[in-house]
file start17.csv (CSV, C-alpha atoms)
chain,number,residue,atom,x,y,z
A,1,MET,CA,0.0,0.0,0.0
A,2,PRO,CA,1.4,3.5,-0.9
A,3,LEU,CA,3.1,5.3,1.9
A,4,GLY,CA,0.7,8.2,1.9
A,5,VAL,CA,-2.4,6.0,2.1
A,6,PHE,CA,-4.5,6.0,5.3
A,7,PRO,CA,-6.5,2.7,5.3
A,8,SER,CA,-9.5,3.1,7.4
A,9,PHE,CA,-12.3,2.1,9.6
A,10,ARG,CA,-15.8,3.8,9.5
A,11,GLY,CA,-14.9,6.7,7.4
A,12,GLY,CA,-11.3,6.5,6.3
A,13,GLU,CA,-9.1,6.6,9.2
A,14,ALA,CA,-5.5,5.3,9.9
A,15,LEU,CA,-6.8,4.4,13.3
A,16,SER,CA,-7.9,0.9,14.1
A,17,PRO,CA,-11.6,0.4,14.9
A,18,SER,CA,-12.3,1.1,18.5
A,19,GLN,CA,-14.6,-2.0,18.2
A,20,VAL,CA,-11.9,-4.5,17.2
A,21,LYS,CA,-12.3,-7.4,19.6
A,22,PRO,CA,-9.0,-9.5,19.7
A,23,LEU,CA,-6.9,-8.8,22.8
A,24,GLY,CA,-4.4,-6.0,22.3
A,25,ILE,CA,-6.0,-4.6,19.2
A,26,GLY,CA,-8.1,-1.5,19.8
A,27,ALA,CA,-10.1,-0.5,22.8
A,28,LEU,CA,-13.8,-0.8,23.3
A,29,LEU,CA,-15.9,2.2,23.3
A,30,PRO,CA,-17.6,3.1,26.7
A,31,LYS,CA,-20.8,1.2,27.1
A,32,ALA,CA,-23.3,3.9,26.5
A,33,GLY,CA,-26.6,4.0,24.8
A,34,LEU,CA,-28.7,6.5,22.8
A,35,VAL,CA,-32.2,7.2,23.8
A,36,THR,CA,-33.4,9.7,21.1
A,37,PRO,CA,-31.5,11.0,18.1
A,38,SER,CA,-32.7,14.5,17.5
A,39,PHE,CA,-32.3,16.0,14.1
A,40,PHE,CA,-31.3,19.7,13.7
A,41,THR,CA,-30.8,21.6,10.5
A,42,PHE,CA,-29.1,24.8,9.8
A,43,ALA,CA,-30.3,26.6,6.7
A,44,GLY,CA,-27.8,27.4,4.0
A,45,ALA,CA,-24.7,25.6,5.4
A,46,ALA,CA,-24.7,22.6,2.9
A,47,GLY,CA,-26.0,24.8,0.1
A,48,ALA,CA,-23.0,27.1,0.3
A,49,ALA,CA,-20.7,24.1,0.2
A,50,ARG,CA,-22.4,22.8,-2.9
A,51,ASP,CA,-22.8,26.0,-5.0
A,52,ASP,CA,-19.7,25.2,-7.0
A,53,GLU,CA,-20.7,21.8,-8.1
A,54,THR,CA,-24.5,21.9,-8.2
A,55,ASP,CA,-26.2,23.5,-11.3
A,56,GLU,CA,-29.7,24.8,-11.5
A,57,ALA,CA,-31.0,21.6,-13.1
A,58,GLU,CA,-29.8,19.5,-10.2
A,59,LYS,CA,-31.4,22.0,-7.7
A,60,SER,CA,-34.7,21.6,-9.4
A,61,THR,CA,-34.7,17.8,-9.1
A,62,THR,CA,-33.0,17.4,-5.7
A,63,PRO,CA,-35.0,17.7,-2.5
A,64,ALA,CA,-34.5,21.2,-1.0
A,65,ALA,CA,-33.4,19.8,2.3
A,66,ALA,CA,-30.5,18.0,0.7
A,67,ILE,CA,-29.2,21.2,-0.8
A,68,THR,CA,-30.0,23.9,1.6
A,69,HIS,CA,-29.5,22.3,5.0
A,70,ARG,CA,-26.8,20.6,6.9
A,71,SER,CA,-28.3,17.8,8.9
A,72,LEU,CA,-26.7,16.9,12.2
A,73,ILE,CA,-27.6,14.5,15.0
A,74,ARG,CA,-27.4,15.1,18.7
A,75,PHE,CA,-27.2,12.0,20.8
A,76,THR,CA,-28.3,11.7,24.5
A,77,LEU,CA,-26.3,9.1,26.2
A,78,THR,CA,-27.6,6.7,28.8
A,79,PRO,CA,-25.9,4.1,30.9
A,80,SER,CA,-26.1,1.1,28.6
A,81,ALA,CA,-27.2,-0.1,25.2
A,82,THR,CA,-28.0,-3.6,24.1
A,83,GLY,CA,-29.8,-5.2,21.1
A,84,ALA,CA,-32.3,-7.9,21.2
A,85,ARG,CA,-32.5,-11.4,19.7
A,86,PHE,CA,-33.8,-11.8,16.2
A,87,GLY,CA,-37.6,-12.3,16.2
A,88,THR,CA,-38.3,-10.5,19.4
A,89,ILE,CA,-38.9,-7.1,17.6
A,90,VAL,CA,-40.7,-7.0,14.3
A,91,GLY,CA,-42.6,-3.8,14.5
A,92,MET,CA,-42.1,-2.1,11.2
A,93,PRO,CA,-43.9,-3.9,8.3
A,94,ASP,CA,-41.6,-5.7,5.8
A,95,VAL,CA,-41.2,-4.0,2.5
A,96,SER,CA,-43.6,-5.4,-0.1
A,97,ALA,CA,-41.6,-6.6,-3.1
A,98,PRO,CA,-38.4,-4.7,-2.2
A,99,ALA,CA,-36.2,-3.8,-5.1
A,100,ALA,CA,-32.9,-3.5,-3.2
A,101,VAL,CA,-31.0,-4.2,0.0
A,102,VAL,CA,-28.4,-1.6,1.1
A,103,LEU,CA,-25.8,-2.8,3.6
A,104,ASP,CA,-23.3,-1.2,5.9
A,105,TYR,CA,-19.8,-2.7,5.6
A,106,TYR,CA,-17.8,-2.9,8.9
A,107,GLY,CA,-19.6,-4.8,11.6
A,108,THR,CA,-22.3,-5.9,9.1
A,109,LEU,CA,-20.5,-7.7,6.3
A,110,ALA,CA,-16.9,-7.8,7.6
A,111,HIS,CA,-14.7,-7.2,10.7
A,112,ALA,CA,-11.0,-7.0,11.5
A,113,THR,CA,-9.2,-9.9,13.1
A,114,HIS,CA,-6.0,-7.8,13.3
A,115,TRP,CA,-5.5,-4.0,13.3
A,116,ILE,CA,-2.7,-2.3,15.2
A,117,SER,CA,-4.4,0.4,17.3
A,118,ALA,CA,-3.4,4.0,17.9
A,119,ASP,CA,-3.6,3.1,21.6
A,120,ASP,CA,-0.8,0.6,21.0
A,121,VAL,CA,1.3,3.0,18.9
A,122,LEU,CA,1.0,5.8,21.4
A,123,ALA,CA,1.8,3.5,24.3
A,124,GLN,CA,5.1,2.6,22.7
A,125,HIS,CA,5.9,6.3,23.0
A,126,GLY,CA,4.7,6.7,26.6
A,127,TYR,CA,1.4,8.4,25.7
A,128,GLU,CA,-2.3,7.5,26.3
A,129,LEU,CA,-5.1,8.1,23.9
A,130,PRO,CA,-8.3,9.0,25.7
A,131,PRO,CA,-11.3,7.3,24.0
A,132,GLU,CA,-13.2,10.6,23.9
A,133,THR,CA,-10.4,12.3,22.1
A,134,ARG,CA,-10.2,9.5,19.4
A,135,ASP,CA,-14.0,9.6,18.9
A,136,ARG,CA,-14.1,13.4,18.7
A,137,TRP,CA,-11.7,13.4,15.7
A,138,PHE,CA,-12.7,10.0,14.2
A,139,ASN,CA,-15.4,7.4,14.4
A,140,ASP,CA,-18.7,8.4,16.1
A,141,GLY,CA,-17.5,12.0,16.7
A,142,ILE,CA,-17.7,12.9,13.1
A,143,ASP,CA,-20.7,10.7,12.0
A,144,GLY,CA,-23.5,12.7,10.4
A,145,ILE,CA,-21.3,15.5,9.1
A,146,GLU,CA,-20.9,16.8,5.6
A,147,HIS,CA,-17.3,17.1,4.3
A,148,PHE,CA,-17.7,17.7,0.6
A,149,GLU,CA,-14.8,20.1,0.5
A,150,HIS,CA,-12.5,17.2,1.6
A,151,SER,CA,-14.0,14.8,-1.0
A,152,HIS,CA,-13.0,16.5,-4.3
A,153,SER,CA,-10.2,13.9,-4.7
A,154,ARG,CA,-8.2,11.3,-2.9
A,155,ASP,CA,-5.5,13.8,-2.1
A,156,HIS,CA,-8.1,16.2,-0.6
A,157,TYR,CA,-9.4,13.4,1.6
A,158,LEU,CA,-6.0,12.1,2.7
A,159,ALA,CA,-5.1,15.7,3.7
A,160,TRP,CA,-8.2,15.9,5.8
A,161,GLN,CA,-7.3,12.6,7.5
A,162,ARG,CA,-3.8,14.0,8.3
A,163,GLU,CA,-5.2,17.2,9.7
A,164,ARG,CA,-7.4,15.2,12.1
A,165,LEU,CA,-4.7,12.8,13.1
A,166,LEU,CA,-2.4,15.8,14.0
A,167,GLY,CA,-5.3,17.4,15.9
A,168,MET,CA,-5.8,14.2,17.8
A,169,LEU,CA,-2.1,13.9,18.6
A,170,ALA,CA,-2.0,17.6,19.8
A,171,GLU,CA,-4.6,16.7,22.4
A,172,THR,CA,-2.6,13.8,23.8
A,173,ASP,CA,0.4,15.9,24.6
A,174,VAL,CA,2.6,14.1,22.1
A,175,HIS,CA,5.8,16.1,21.4
A,176,PRO,CA,5.6,17.6,17.9
A,177,GLY,CA,9.0,16.1,17.1
A,178,GLU,CA,7.3,12.6,17.3
A,179,TYR,CA,4.3,13.3,15.1
A,180,GLU,CA,5.8,12.0,11.8
A,181,MET,CA,7.2,8.9,13.5
A,182,ILE,CA,3.8,8.1,15.0
A,183,LEU,CA,1.9,8.8,11.7
A,184,GLU,CA,4.3,6.4,9.9
A,185,LYS,CA,3.6,3.7,12.5
A,186,LEU,CA,-0.1,4.2,12.1
A,187,ARG,CA,0.2,3.9,8.4
A,188,HIS,CA,2.1,0.7,8.7
A,189,GLY,CA,-0.4,-0.7,11.3
A,190,ALA,CA,-3.3,0.1,9.1
A,191,ALA,CA,-1.6,-1.5,6.1
A,192,SER,CA,-1.1,-4.7,8.1
A,193,ARG,CA,-4.8,-5.0,9.0
A,194,VAL,CA,-6.7,-8.3,8.3
A,195,LEU,CA,-10.3,-8.1,7.3
A,196,GLU,CA,-12.7,-11.0,7.1
A,197,ALA,CA,-16.3,-11.5,6.1
A,198,TYR,CA,-18.6,-12.9,8.7
A,199,PRO,CA,-19.3,-16.6,8.0
A,200,GLU,CA,-22.8,-16.3,6.7
A,201,VAL,CA,-22.3,-13.3,4.5
A,202,HIS,CA,-21.4,-14.9,1.2
A,203,GLY,CA,-24.3,-17.3,1.3
A,204,VAL,CA,-26.8,-14.6,2.2
A,205,LEU,CA,-25.7,-12.2,-0.5
A,206,HIS,CA,-25.9,-15.0,-3.1
A,207,GLU,CA,-29.5,-15.8,-1.9
A,208,LEU,CA,-30.5,-12.1,-2.1
A,209,ARG,CA,-29.1,-11.9,-5.7
A,210,ARG,CA,-31.0,-15.1,-6.5
A,211,ARG,CA,-34.2,-13.4,-5.4
A,212,GLY,CA,-33.5,-10.6,-8.0
A,213,LEU,CA,-32.6,-7.9,-5.5
A,214,ARG,CA,-30.1,-5.2,-6.3
A,215,LEU,CA,-27.4,-4.9,-3.6
A,216,ALA,CA,-25.3,-1.9,-2.4
A,217,ILE,CA,-22.8,-1.2,0.3
A,218,CYS,CA,-23.1,2.2,1.9
A,219,SER,CA,-20.3,2.8,4.4
A,220,ASN,CA,-18.6,5.4,6.5
A,221,TRP,CA,-15.2,4.4,5.2
A,222,ASP,CA,-12.2,6.0,3.4
A,223,TRP,CA,-11.3,6.4,-0.2
A,224,ASP,CA,-10.3,2.7,-0.5
A,225,LEU,CA,-13.7,1.0,0.2
A,226,ASN,CA,-13.3,-0.9,-3.1
A,227,GLN,CA,-10.1,-2.5,-1.9
A,228,ALA,CA,-11.6,-3.4,1.5
A,229,VAL,CA,-14.6,-5.0,-0.1
A,230,ASP,CA,-12.4,-6.9,-2.5
A,231,GLU,CA,-10.2,-8.1,0.4
A,232,VAL,CA,-13.1,-10.1,1.9
A,233,GLY,CA,-14.3,-11.4,-1.5
A,234,LEU,CA,-17.6,-9.5,-1.8
A,235,SER,CA,-16.9,-7.2,-4.8
A,236,GLU,CA,-18.7,-9.5,-7.3
A,237,LEU,CA,-21.8,-9.9,-5.1
A,238,VAL,CA,-22.8,-6.2,-4.9
A,239,ASP,CA,-24.0,-3.8,-7.6
A,240,VAL,CA,-23.0,-0.5,-6.0
A,241,GLN,CA,-20.5,0.7,-3.4
A,242,VAL,CA,-20.6,4.1,-1.8
A,243,SER,CA,-18.1,5.4,0.7
A,244,SER,CA,-18.6,8.5,2.7
A,245,ALA,CA,-15.2,9.6,1.4
A,246,TRP,CA,-16.6,9.8,-2.1
A,247,ALA,CA,-20.1,11.0,-1.2
A,248,GLY,CA,-18.8,14.0,0.8
A,249,ALA,CA,-21.0,13.1,3.9
A,250,ARG,CA,-21.1,10.5,6.6
A,251,LYS,CA,-24.1,8.5,7.6
A,252,PRO,CA,-26.6,9.5,8.9
A,253,HIS,CA,-26.4,12.6,6.7
A,254,PRO,CA,-29.0,12.4,3.9
A,255,ARG,CA,-26.5,13.1,1.2
A,256,ILE,CA,-24.8,9.6,1.3
A,257,PHE,CA,-28.1,7.8,1.2
A,258,GLU,CA,-29.3,9.9,-1.7
A,259,ASP,CA,-26.1,9.1,-3.6
A,260,THR,CA,-26.5,5.4,-2.9
A,261,LEU,CA,-30.2,5.4,-4.0
A,262,GLU,CA,-29.4,7.3,-7.2
A,263,LYS,CA,-26.7,4.8,-8.1
A,264,LEU,CA,-29.0,1.9,-7.4
A,265,GLY,CA,-31.8,3.5,-9.4
A,266,VAL,CA,-34.5,2.7,-6.9
A,267,ASP,CA,-36.7,4.6,-4.5
A,268,ALA,CA,-36.1,4.7,-0.8
A,269,ALA,CA,-39.4,3.1,-0.1
A,270,ALA,CA,-38.3,0.0,-2.0
A,271,CYS,CA,-35.1,-0.4,0.0
A,272,VAL,CA,-34.2,-2.4,3.1
A,273,PHE,CA,-31.1,-1.0,4.9
A,274,VAL,CA,-29.1,-3.3,7.1
A,275,GLY,CA,-26.5,-2.2,9.6
A,276,ASP,CA,-25.1,-2.6,13.1
A,277,THR,CA,-24.9,1.0,14.3
A,278,TRP,CA,-28.2,2.6,15.2
A,279,GLY,CA,-27.7,6.2,14.4
A,280,PRO,CA,-26.1,5.8,10.9
A,281,ASP,CA,-27.8,2.5,10.0
A,282,VAL,CA,-31.3,2.8,11.5
A,283,ALA,CA,-32.2,6.4,12.3
A,284,GLY,CA,-30.7,7.8,9.2
A,285,PRO,CA,-32.1,5.3,6.7
A,286,ARG,CA,-35.6,5.4,8.4
A,287,ALA,CA,-35.6,9.2,8.0
A,288,MET,CA,-35.0,8.8,4.3
A,289,GLY,CA,-37.9,6.4,4.0
A,290,MET,CA,-36.0,3.1,3.9
A,291,THR,CA,-36.9,0.1,6.1
A,292,PRO,CA,-34.1,-0.6,8.5
A,293,VAL,CA,-33.0,-4.0,9.9
A,294,TYR,CA,-30.8,-3.7,12.9
A,295,LEU,CA,-28.0,-6.3,13.3
A,296,SER,CA,-27.4,-7.2,16.9
A,297,ARG,CA,-24.7,-9.9,16.8
A,298,ASP,CA,-24.1,-12.1,19.8
A,299,GLY,CA,-20.8,-10.8,21.4
A,300,HIS,CA,-20.8,-7.7,19.3
A,301,TRP,CA,-19.1,-4.6,20.6
A,302,PRO,CA,-21.3,-2.0,22.4
A,303,ASP,CA,-23.3,0.4,20.1
A,304,PRO,CA,-23.3,3.8,21.8
A,305,THR,CA,-25.9,5.1,19.4
A,306,ALA,CA,-28.5,2.4,20.2
A,307,PRO,CA,-31.6,3.1,22.3
A,308,ARG,CA,-31.7,1.7,25.8
A,309,ASP,CA,-35.0,0.1,24.9
A,310,ILE,CA,-35.3,-0.9,21.3
A,311,GLU,CA,-38.8,-2.4,21.3
A,312,PRO,CA,-40.7,0.9,21.2
A,313,GLU,CA,-38.7,1.9,18.1
A,314,ARG,CA,-40.6,-0.8,16.1
A,315,VAL,CA,-37.5,-1.9,14.2
A,316,ALA,CA,-36.8,-5.5,13.1
A,317,VAL,CA,-33.7,-6.9,14.8
A,318,ALA,CA,-31.5,-9.8,13.4
A,319,GLU,CA,-28.8,-11.7,15.2
A,320,ASP,CA,-26.8,-12.1,12.0
A,321,LEU,CA,-27.2,-11.4,8.3
A,322,ARG,CA,-29.4,-14.5,7.8
A,323,GLY,CA,-32.2,-12.8,9.6
A,324,VAL,CA,-32.5,-10.3,6.7
A,325,LEU,CA,-33.9,-13.0,4.5
A,326,ASP,CA,-37.0,-13.0,6.6
A,327,HIS,CA,-37.6,-9.3,5.8
A,328,VAL,CA,-37.3,-9.2,2.0
call {"tool": "encode", "arguments": {"input": "start17.csv", "output": "structure tokens"}}
result
Amino acid sequence: MPLGVFPSFRGGEALSPSQVKPLGIGALLPKAGLVTPSFFTFAGAAGAARDDETDEAEKSTTPAAAITHRSLIRFTLTPSATGARFGTIVGMPDVSAPAAVVLDYYGTLAHATHWISADDVLAQHGYELPPETRDRWFNDGIDGIEHFEHSHSRDHYLAWQRERLLGMLAETDVHPGEYEMILEKLRHGAASRVLEAYPEVHGVLHELRRRGLRLAICSNWDWDLNQAVDEVGLSELVDVQVSSAWAGARKPHPRIFEDTLEKLGVDAAACVFVGDTWGPDVAGPRAMGMTPVYLSRDGHWPDPTAPRDIEPERVAVAEDLRGVLDHV
């Protein structure tokens, strides 16, 4: 992998997933839950960012909210979050004759069995990375934002990653003279990652295709989503791949969903969205009109965006990807 490339997790980061489970690789997020995601919009913010690339014809066919508002999500944390076993919650009606299934990538289709963490690298230099600092600059801390100005090209995106890494290091009291050495170790650690598909994934995707459904991956990932999907052998099983790095917005921002639906050529109402993180994969798709299925795998890392009590949300819950077959 080229020296300047920052392989990523959940949106293109050189950091390992905070959710990686094997001992010594990454650190778990604090066990915290999300009761209610509240959507706020600020008029004009996204529109200003898109003036350069959006012509009048696009504006006439794109929903106004997607152009003139920047959508953000505020999360209220509670002491814990847990999913439910498949079959215990089936509140939202299944889609009648769905045309497509859109799937999250990490934690839904694949996971890392090895990824050297920023915590490990910093520990080698005598520093500690507070989880809240990592999440503020990466992972959940930037979910839902629009970053179109950083998505004009791969170089733009890598420069944004570097800015955030340096900002994160500055908050950990790392001596500036060590920045480049640490960044190089993070690049090497990310390049040595090992990703694997969950055991049931290939069979389920084959069955969904047999049923005539179009399949897409919609992921908060970096510029190299194609390589990550190919690494686990799924490239030939999906029709569309959309990374937040390319779309210029991270789930649950509407922009990334609109981009995915446009590439699929289907309406939101004809789509099932499957993912393991409540805010980006349930609240966001549901707000767009898609039918979500929430993956709550046994032994899965905590989801700090999930409601404390899922049942009132009336969302189907599956214990692995095979459960999706009951909802399409």
call {"tool": "atom_distance", "arguments": {"input": "start17.csv", "atom1": "atom CA of Ala245 of chain A", "atom2": "atom CA of Trp221 of chain A"}}
result
6.4 Å
call {"tool": "residues_near_point", "arguments": {"input": "start17.csv", "point": "(2.8, 4.2, 12.6)", "cutoff": "10 Å", "atoms": "all atoms listed in the file", "output": "list in words"}}
result
Ala14, Leu15, Ile116, Ser117, Ala118, Asp120, Val121, Leu122, Tyr179, Glu180, Met181, Ile182, Leu183, Glu184, Lys185, Leu186, Arg187, His188, Gly189, Ala190 and Ala191 of chain A
call {"tool": "write_last_selection", "arguments": {"input": "start17.csv", "atoms": "C-alpha atoms", "output": "tab-separated table (two decimals), in the frame of the given file"}}
result
chain	number	residue	atom	x	y	z
A	14	ALA	CA	-5.50	5.30	9.90
A	15	LEU	CA	-6.80	4.40	13.30
A	116	ILE	CA	-2.70	-2.30	15.20
A	117	SER	CA	-4.40	0.40	17.30
A	118	ALA	CA	-3.40	4.00	17.90
A	120	ASP	CA	-0.80	0.60	21.00
A	121	VAL	CA	1.30	3.00	18.90
A	122	LEU	CA	1.00	5.80	21.40
A	179	TYR	CA	4.30	13.30	15.10
A	180	GLU	CA	5.80	12.00	11.80
A	181	MET	CA	7.20	8.90	13.50
A	182	ILE	CA	3.80	8.10	15.00
A	183	LEU	CA	1.90	8.80	11.70
A	184	GLU	CA	4.30	6.40	9.90
A	185	LYS	CA	3.60	3.70	12.50
A	186	LEU	CA	-0.10	4.20	12.10
A	187	ARG	CA	0.20	3.90	8.40
A	188	HIS	CA	2.10	0.70	8.70
A	189	GLY	CA	-0.40	-0.70	11.30
A	190	ALA	CA	-3.30	0.10	9.10
A	191	ALA	CA	-1.60	-1.50	6.10
call {"tool": "closest_residue", "arguments": {"input": "start17.csv", "among": "A:Ile145, A:Ala110, A:Leu158, A:Leu321", "to": "Lys251 of chain A", "atoms": "only C-alpha atoms"}}
result
A:Ile145
call {"tool": "closest_residue", "arguments": {"input": "start17.csv", "among": "A:Asp309, A:His202, A:Leu261, A:Val324", "to": "Pro292 of chain A", "atoms": "all atoms listed in the file"}}
result
A:Val324
call {"tool": "closest_residue", "arguments": {"input": "start17.csv", "among": "A:Asn220, A:Thr260, A:Thr305, A:Thr172", "to": "Asn139 of chain A", "atoms": "all atoms listed in the file"}}
result
A:Asn220
call {"tool": "closest_residue", "arguments": {"input": "start17.csv", "among": "A:Gln124, A:Ser296, A:Ser151, A:Thr108", "to": "Pro199 of chain A", "atoms": "all atoms listed in the file"}}
result
A:Thr108
call {"tool": "residues_near_point", "arguments": {"input": "start17.csv", "point": "(-36.2, -6.7, -3.5)", "cutoff": "8 Å", "atoms": "only C-alpha atoms", "output": "ChimeraX atom specification"}}
result
/A:97-101,208,211-214,270-271,328
call {"tool": "write_last_selection", "arguments": {"input": "start17.csv", "atoms": "C-alpha atoms", "output": "tab-separated table (two decimals), keeping the file's coordinate frame"}}
result
chain	number	residue	atom	x	y	z
A	97	ALA	CA	-41.60	-6.60	-3.10
A	98	PRO	CA	-38.40	-4.70	-2.20
A	99	ALA	CA	-36.20	-3.80	-5.10
A	100	ALA	CA	-32.90	-3.50	-3.20
A	101	VAL	CA	-31.00	-4.20	0.00
A	208	LEU	CA	-30.50	-12.10	-2.10
A	211	ARG	CA	-34.20	-13.40	-5.40
A	212	GLY	CA	-33.50	-10.60	-8.00
A	213	LEU	CA	-32.60	-7.90	-5.50
A	214	ARG	CA	-30.10	-5.20	-6.30
A	270	ALA	CA	-38.30	0.00	-2.00
A	271	CYS	CA	-35.10	-0.40	0.00
A	328	VAL	CA	-37.30	-9.20	2.00
call {"tool": "residues_around", "arguments": {"input": "start17.csv", "residues": "Ser244 of chain A", "least_positions_apart": "5", "cutoff": "7 Å", "atoms": "only C-alpha atoms", "output": "list in words"}}
result
Gly11, Ser219, Asn220, Trp221, Asp222, Ala249, Arg250 and Ile256 of chain A
call {"tool": "atom_distance", "arguments": {"input": "start17.csv", "atom1": "atom CA of Val272 of chain A", "atom2": "atom CA of Leu195 of chain A"}}
result
24.9 Å
call {"tool": "closest_residue", "arguments": {"input": "start17.csv", "among": "A:Arg154, A:Met168, A:Tyr198, A:Ile217", "to": "Arg136 of chain A", "atoms": "only C-alpha atoms"}}
result
A:Met168
call {"tool": "closest_residue", "arguments": {"input": "start17.csv", "among": "A:Ala112, A:Asp281, A:Ala247, A:Val274", "to": "Ser192 of chain A", "atoms": "only C-alpha atoms"}}
result
A:Ala112
call {"tool": "atom_distance", "arguments": {"input": "start17.csv", "atom1": "atom CA of Leu103 of chain A", "atom2": "atom CA of Arg193 of chain A"}}
result
21.8 Å
call {"tool": "decode", "arguments": {"input": "start17.csv", "residues": "segment 314-326 of chain A", "atoms": "N, CA and C atoms", "output": "compact mmCIF listing (two decimals), in the first residue's frame"}}
result
# COMPACT_ATOMS: atom_id res chain seq x y z
N ARG A 314 -39.91 -0.07 17.15
CA ARG A 314 -40.59 -0.81 16.08
C ARG A 314 -39.66 -1.03 14.88
N VAL A 315 -38.51 -1.59 15.17
CA VAL A 315 -37.52 -1.90 14.15
C VAL A 315 -37.18 -3.38 14.23
N ALA A 316 -37.13 -4.05 13.08
CA ALA A 316 -36.76 -5.46 13.06
C ALA A 316 -35.30 -5.63 13.48
N VAL A 317 -35.03 -6.66 14.28
CA VAL A 317 -33.69 -6.93 14.78
C VAL A 317 -33.27 -8.33 14.35
N ALA A 318 -32.07 -8.47 13.83
CA ALA A 318 -31.54 -9.77 13.40
C ALA A 318 -30.25 -10.06 14.14
N GLU A 319 -30.03 -11.33 14.48
CA GLU A 319 -28.82 -11.68 15.22
C GLU A 319 -27.62 -11.90 14.30
N ASP A 320 -27.86 -12.13 13.02
CA ASP A 320 -26.80 -12.11 12.02
C ASP A 320 -27.46 -11.85 10.67
N LEU A 321 -26.69 -11.83 9.60
CA LEU A 321 -27.23 -11.39 8.32
C LEU A 321 -28.30 -12.33 7.77
N ARG A 322 -28.34 -13.59 8.24
CA ARG A 322 -29.38 -14.51 7.77
C ARG A 322 -30.78 -14.03 8.13
N GLY A 323 -30.90 -13.27 9.20
CA GLY A 323 -32.20 -12.75 9.59
C GLY A 323 -32.81 -11.82 8.57
N VAL A 324 -31.97 -11.19 7.74
CA VAL A 324 -32.47 -10.28 6.72
C VAL A 324 -33.35 -11.00 5.71
N LEU A 325 -33.08 -12.27 5.51
CA LEU A 325 -33.86 -13.03 4.51
C LEU A 325 -35.33 -13.13 4.90
N ASP A 326 -35.65 -12.95 6.17
CA ASP A 326 -37.04 -12.98 6.61
C ASP A 326 -37.75 -11.65 6.40
